[in-house]
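Asker: Provided herewith: target.csv, CSV, C-alpha atoms.
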```
chain,number,residue,atom,x,y,z
A,1,MET,CA,-6.2,1.2,-19.3
A,2,ALA,CA,-2.7,2.5,-18.6
A,3,ASP,CA,-3.9,5.5,-16.6
A,4,GLU,CA,-5.9,3.3,-14.2
A,5,ILE,CA,-5.1,2.1,-10.7
A,6,ILE,CA,-6.8,-1.0,-9.3
A,7,ILE,CA,-7.1,-1.5,-5.5
A,8,LEU,CA,-7.2,-5.2,-5.1
A,9,PRO,CA,-8.0,-7.0,-1.8
A,10,ILE,CA,-5.8,-9.9,-1.0
A,11,GLY,CA,-7.8,-12.2,1.2
A,12,ALA,CA,-10.6,-10.9,3.4
A,13,VAL,CA,-10.3,-7.1,3.6
A,14,ASP,CA,-13.0,-4.6,4.7
A,15,SER,CA,-14.8,-3.6,1.5
A,16,ALA,CA,-15.5,-0.1,2.9
A,17,LEU,CA,-11.7,0.5,3.3
A,18,ILE,CA,-11.2,-0.7,-0.3
A,19,GLU,CA,-13.9,1.7,-1.5
A,20,TYR,CA,-12.4,4.6,0.6
A,21,LEU,CA,-9.0,4.1,-0.9
A,22,SER,CA,-10.5,3.8,-4.4
A,23,LEU,CA,-12.1,7.2,-3.9
A,24,THR,CA,-9.2,9.0,-2.4
A,25,VAL,CA,-6.1,7.7,-4.2
A,26,GLY,CA,-7.1,8.7,-7.7
A,27,GLN,CA,-7.0,12.5,-6.9
A,28,ALA,CA,-3.3,12.3,-5.9
A,29,PHE,CA,-2.3,10.6,-9.1
A,30,GLY,CA,-4.8,12.1,-11.5
A,31,ARG,CA,-5.9,8.7,-12.5
A,32,GLU,CA,-9.1,6.6,-12.5
A,33,VAL,CA,-9.1,4.2,-9.6
A,34,ARG,CA,-11.4,1.3,-9.2
A,35,PRO,CA,-11.8,-1.5,-6.6
A,36,GLY,CA,-11.0,-5.0,-7.7
A,37,ARG,CA,-12.3,-8.3,-6.4
A,38,ALA,CA,-10.2,-10.5,-4.2
A,39,ALA,CA,-8.2,-12.7,-6.6
A,40,MET,CA,-6.1,-14.6,-4.1
A,41,ALA,CA,-5.5,-15.4,-0.5
A,42,PRO,CA,-2.0,-14.6,1.0
A,43,ASP,CA,-1.5,-18.1,2.3
A,44,PHE,CA,0.9,-19.2,-0.4
A,45,ALA,CA,3.4,-16.5,0.8
A,46,TYR,CA,3.0,-17.3,4.5
A,47,ASP,CA,6.1,-18.1,6.5
A,48,PRO,CA,5.3,-20.3,9.4
A,49,VAL,CA,8.5,-19.5,11.3
A,50,ARG,CA,7.9,-15.7,11.2
A,51,ARG,CA,4.1,-16.0,11.2
A,52,GLN,CA,4.0,-13.3,8.5
A,53,VAL,CA,3.5,-13.1,4.8
A,54,HIS,CA,6.4,-12.4,2.4
A,55,SER,CA,5.3,-9.2,0.6
A,56,THR,CA,7.7,-9.8,-2.4
A,57,LEU,CA,5.9,-13.0,-3.2
A,58,LEU,CA,2.6,-11.2,-3.2
A,59,ILE,CA,4.0,-8.6,-5.6
A,60,ASP,CA,5.3,-11.3,-7.9
A,61,ARG,CA,1.8,-12.9,-8.0
A,62,LEU,CA,0.1,-9.5,-8.6
A,63,GLU,CA,2.5,-8.7,-11.5
A,64,SER,CA,1.9,-12.0,-13.1
A,65,MET,CA,-1.9,-11.5,-13.2
A,66,PRO,CA,-3.1,-10.6,-16.7
A,67,ARG,CA,-4.8,-7.2,-16.8
A,68,ALA,CA,-5.9,-5.4,-19.9
A,69,GLY,CA,-4.2,-2.1,-20.4
A,70,ASP,CA,-1.4,-2.7,-17.9
A,71,PRO,CA,-2.9,-0.7,-14.9
A,72,LYS,CA,-1.0,-0.1,-11.6
A,73,ILE,CA,-2.2,-2.6,-9.0
A,74,LEU,CA,-2.2,-2.0,-5.2
A,75,GLY,CA,-2.9,-5.2,-3.2
A,76,VAL,CA,-4.3,-4.6,0.2
A,77,THR,CA,-4.2,-7.3,2.9
A,78,GLU,CA,-4.9,-7.8,6.6
A,79,ALA,CA,-1.9,-10.1,6.8
A,80,ASP,CA,1.3,-8.9,8.6
A,81,LEU,CA,4.0,-8.4,6.0
A,82,PHE,CA,7.8,-8.9,6.0
A,83,ILE,CA,10.8,-8.9,3.7
A,84,PRO,CA,13.8,-10.8,4.9
A,85,ILE,CA,15.9,-7.8,5.9
A,86,PHE,CA,13.1,-6.2,8.1
A,87,THR,CA,11.1,-7.4,11.0
A,88,PHE,CA,8.0,-6.1,9.2
A,89,VAL,CA,6.9,-3.8,6.4
A,90,PHE,CA,3.8,-1.7,6.1
A,91,GLY,CA,4.1,-2.3,2.3
A,92,GLU,CA,6.4,-2.9,-0.6
A,93,ALA,CA,6.4,-1.9,-4.2
A,94,ARG,CA,8.5,-2.3,-7.3
A,95,LEU,CA,10.1,1.0,-8.2
A,96,GLY,CA,8.7,2.0,-11.5
A,97,GLY,CA,6.8,-1.3,-11.6
A,98,ARG,CA,3.3,-2.4,-12.0
A,99,ALA,CA,2.4,-3.6,-8.5
A,100,ALA,CA,2.6,-2.7,-4.9
A,101,VAL,CA,1.2,-4.3,-1.8
A,102,MET,CA,0.3,-2.9,1.7
A,103,SER,CA,-0.9,-4.3,5.0
A,104,VAL,CA,-3.3,-2.8,7.4
A,105,ALA,CA,-2.3,-5.1,10.2
A,106,ARG,CA,0.1,-2.7,11.9
A,107,LEU,CA,-1.9,0.3,10.9
A,108,ARG,CA,-4.7,-0.7,13.3
A,109,GLU,CA,-4.8,0.7,16.8
A,110,SER,CA,-5.7,-2.7,18.1
A,111,HIS,CA,-2.3,-4.0,17.0
A,112,TYR,CA,-0.8,-1.8,19.7
A,113,GLY,CA,-3.3,-2.7,22.4
A,114,ARG,CA,-5.4,0.4,21.9
A,115,GLU,CA,-9.1,0.7,21.1
A,116,GLU,CA,-9.8,0.5,17.3
A,117,ASP,CA,-10.3,3.8,15.6
A,118,ARG,CA,-11.6,3.6,12.0
A,119,ARG,CA,-10.7,7.2,11.2
A,120,VAL,CA,-7.1,6.6,12.3
A,121,LEU,CA,-6.9,3.4,10.3
A,122,TYR,CA,-8.3,4.9,7.1
A,123,ARG,CA,-5.9,7.9,7.4
A,124,ARG,CA,-2.9,5.6,7.8
A,125,ALA,CA,-4.1,3.3,5.0
A,126,GLU,CA,-4.4,6.3,2.6
A,127,LYS,CA,-0.9,7.4,3.4
A,128,GLU,CA,0.5,4.0,2.9
A,129,ALA,CA,-1.4,3.5,-0.4
A,130,LEU,CA,-0.1,6.8,-1.7
A,131,HIS,CA,3.4,5.9,-0.6
A,132,GLU,CA,3.5,2.5,-2.2
A,133,LEU,CA,1.9,3.6,-5.4
A,134,GLY,CA,4.3,6.5,-5.5
A,135,HIS,CA,7.1,3.9,-5.8
A,136,THR,CA,5.4,2.3,-8.8
A,137,PHE,CA,5.4,5.8,-10.4
A,138,GLY,CA,9.2,6.0,-9.9
A,139,LEU,CA,9.4,8.0,-6.7
A,140,VAL,CA,12.0,7.0,-4.2
A,141,HIS,CA,12.1,7.8,-0.4
A,142,CYS,CA,12.2,11.5,0.3
A,143,LEU,CA,14.2,13.3,3.0
A,144,ASP,CA,11.3,15.7,3.6
A,145,PHE,CA,9.5,14.5,6.8
A,146,ALA,CA,6.3,16.1,5.6
A,147,CYS,CA,6.3,14.2,2.3
A,148,ILE,CA,4.2,11.1,1.9
A,149,MET,CA,7.3,9.5,0.3
A,150,HIS,CA,9.4,9.8,3.5
A,151,PHE,CA,10.3,6.3,4.9
A,152,ALA,CA,8.4,5.3,8.0
A,153,ASN,CA,9.4,2.2,10.0
A,154,SER,CA,6.9,2.8,12.9
A,155,VAL,CA,3.3,3.7,13.1
A,156,GLU,CA,4.2,6.9,14.8
A,157,GLU,CA,6.3,7.9,11.8
A,158,VAL,CA,3.3,7.1,9.6
A,159,ASP,CA,1.2,9.4,11.7
A,160,ILE,CA,3.6,12.4,11.6
A,161,ARG,CA,4.4,12.0,7.9
A,162,GLY,CA,2.5,14.5,5.7
A,163,ASP,CA,-0.6,13.6,3.7
A,164,GLY,CA,0.7,14.5,0.3
A,165,PHE,CA,3.8,14.8,-1.9
A,166,CYS,CA,6.3,17.5,-1.4
A,167,SER,CA,6.8,19.9,-4.3
A,168,ARG,CA,9.9,18.0,-5.5
A,169,CYS,CA,8.2,14.6,-5.5
A,170,GLU,CA,5.0,16.2,-7.0
A,171,ARG,CA,7.1,17.6,-9.9
A,172,ARG,CA,8.7,14.1,-10.5
A,173,LEU,CA,5.3,12.5,-10.4
A,174,ARG,CA,3.9,14.8,-13.0
```
Show me the file's structure as structure tokens.

Answerer:
Amino acid sequence: MADEIIILPIGAVDSALIEYLSLTVGQAFGREVRPGRAAMAPDFAYDPVRRQVHSTLLIDRLESMPRAGDPKILGVTEADLFIPIFTFVFGEARLGGRAAVMSVARLRESHYGREEDRRVLYRRAEKEALHELGHTFGLVHCLDFACIMHFANSVEEVDIRGDGFCSRCERRLR
């Protein structure tokens, strides 16, 4: 279905997180969201020199997967992601495309030597899911710091970014 979003685990991902994202993301986009089953491991995109996974290769694989009705697909992984021009990325998406991918590795408090906090992780993951899916719906980075589409290159910037779309991005989305 064209108005559907699939949240797809890539490798072993906490099923409760996938369920949470499936419940919360649909409201923002006015679409039905359903969790998918893990269809691949991220190993094929692993770069042993960087010890990270190349996110663009994951998107390529997601886009090549046959899906009835051409839904949007958000792949979620525990693997640390990169693209060649950045040290890491929280996620990546094809602007106006079908697929996006996000990692929870650097959204976890434990990544920064702090005690794990599930509420913090879920809040950050929801923000990243909305941000990456926003790109698939044609939204670009926004200058409004309170907008979910504002670029974040640190977890602190994810935390201070707003929870939703600014009025301008909301209009573009609709």

Asker: Would you kindly return, as a CSV table (one decimal) with C-alpha atoms, in the frame of the given file, each protein, DNA or RNA residue with an atom no farther than 12 Å from any atom of range 90-96 of chain A, considering all atoms listed in the file and excluding same-chain residues fewer than 5 positions away?

Answerer:
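To be explicit, this is the file written out as result23.csv:
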```
chain,number,residue,atom,x,y,z
A,52,GLN,CA,4.0,-13.3,8.5
A,53,VAL,CA,3.5,-13.1,4.8
A,54,HIS,CA,6.4,-12.4,2.4
A,55,SER,CA,5.3,-9.2,0.6
A,56,THR,CA,7.7,-9.8,-2.4
A,57,LEU,CA,5.9,-13.0,-3.2
A,58,LEU,CA,2.6,-11.2,-3.2
A,59,ILE,CA,4.0,-8.6,-5.6
A,60,ASP,CA,5.3,-11.3,-7.9
A,62,LEU,CA,0.1,-9.5,-8.6
A,63,GLU,CA,2.5,-8.7,-11.5
A,72,LYS,CA,-1.0,-0.1,-11.6
A,73,ILE,CA,-2.2,-2.6,-9.0
A,74,LEU,CA,-2.2,-2.0,-5.2
A,75,GLY,CA,-2.9,-5.2,-3.2
A,76,VAL,CA,-4.3,-4.6,0.2
A,77,THR,CA,-4.2,-7.3,2.9
A,78,GLU,CA,-4.9,-7.8,6.6
A,79,ALA,CA,-1.9,-10.1,6.8
A,80,ASP,CA,1.3,-8.9,8.6
A,81,LEU,CA,4.0,-8.4,6.0
A,82,PHE,CA,7.8,-8.9,6.0
A,83,ILE,CA,10.8,-8.9,3.7
A,101,VAL,CA,1.2,-4.3,-1.8
A,102,MET,CA,0.3,-2.9,1.7
A,103,SER,CA,-0.9,-4.3,5.0
A,104,VAL,CA,-3.3,-2.8,7.4
A,105,ALA,CA,-2.3,-5.1,10.2
A,106,ARG,CA,0.1,-2.7,11.9
A,107,LEU,CA,-1.9,0.3,10.9
A,108,ARG,CA,-4.7,-0.7,13.3
A,124,ARG,CA,-2.9,5.6,7.8
A,125,ALA,CA,-4.1,3.3,5.0
A,126,GLU,CA,-4.4,6.3,2.6
A,127,LYS,CA,-0.9,7.4,3.4
A,128,GLU,CA,0.5,4.0,2.9
A,129,ALA,CA,-1.4,3.5,-0.4
A,130,LEU,CA,-0.1,6.8,-1.7
A,131,HIS,CA,3.4,5.9,-0.6
A,132,GLU,CA,3.5,2.5,-2.2
A,133,LEU,CA,1.9,3.6,-5.4
A,134,GLY,CA,4.3,6.5,-5.5
A,135,HIS,CA,7.1,3.9,-5.8
A,136,THR,CA,5.4,2.3,-8.8
A,137,PHE,CA,5.4,5.8,-10.4
A,138,GLY,CA,9.2,6.0,-9.9
A,139,LEU,CA,9.4,8.0,-6.7
A,140,VAL,CA,12.0,7.0,-4.2
A,141,HIS,CA,12.1,7.8,-0.4
A,151,PHE,CA,10.3,6.3,4.9
A,152,ALA,CA,8.4,5.3,8.0
A,153,ASN,CA,9.4,2.2,10.0
A,154,SER,CA,6.9,2.8,12.9
A,155,VAL,CA,3.3,3.7,13.1
A,157,GLU,CA,6.3,7.9,11.8
A,158,VAL,CA,3.3,7.1,9.6
A,173,LEU,CA,5.3,12.5,-10.4
```

Asker: What does the distance from CA of Pro35 in chain A to CA of Leu21 in chain A come to in Å, to one decimal?

Answerer: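 Between CA of Pro35 in chain A and CA of Leu21 in chain A the gap is 8.5 Å.
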
Asker: Taking all atoms listed in the file into account, which of A:Leu17, A:Ile6, A:Glu116, A:Arg50 comes nearest Phe88 in chain A?

Answerer: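 When distances to Phe88 in chain A are compared using all atoms listed in the file, the smallest one comes from A:Arg50.
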
Asker: Env of Ser167 in chain A: 12 Å cut, atoms = all atoms listed in the file, seq-sep filter 2 positions within chain, self excluded. Answer as a list of chain:residue names.

Answerer: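 Near Ser167 in chain A, the qualifying residues are A:Cys142, A:Asp144, A:Ala146, A:Cys147, A:Ile148, A:Met149, A:Gly164, A:Phe165, A:Cys169, A:Glu170, A:Arg171, A:Arg172, A:Leu173, A:Arg174.
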
Asker: Of the residues A:Asp43, A:Glu4, A:Asp14, A:Val89, which is the one nearest to Gly26 in chain A, using all atoms listed in the file?

Answerer: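 Between A:Asp43, A:Glu4, A:Asp14, A:Val89, the residue approaching Gly26 in chain A most closely is A:Glu4.
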
Asker: CA of Arg168 in chain A and CA of Ala100 in chain A, how far apart in Å?

Answerer: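 Atom-to-atom, CA of Ala100 in chain A and CA of Arg168 in chain A are spaced 22.0 Å apart.
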
Asker: Which value, in Å to one decimal, gives the distance between CA of Ala38 in chain A and CA of Val13 in chain A?

Answerer: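 About the pair CA of Ala38 in chain A and CA of Val13 in chain A: they are 8.5 Å apart.
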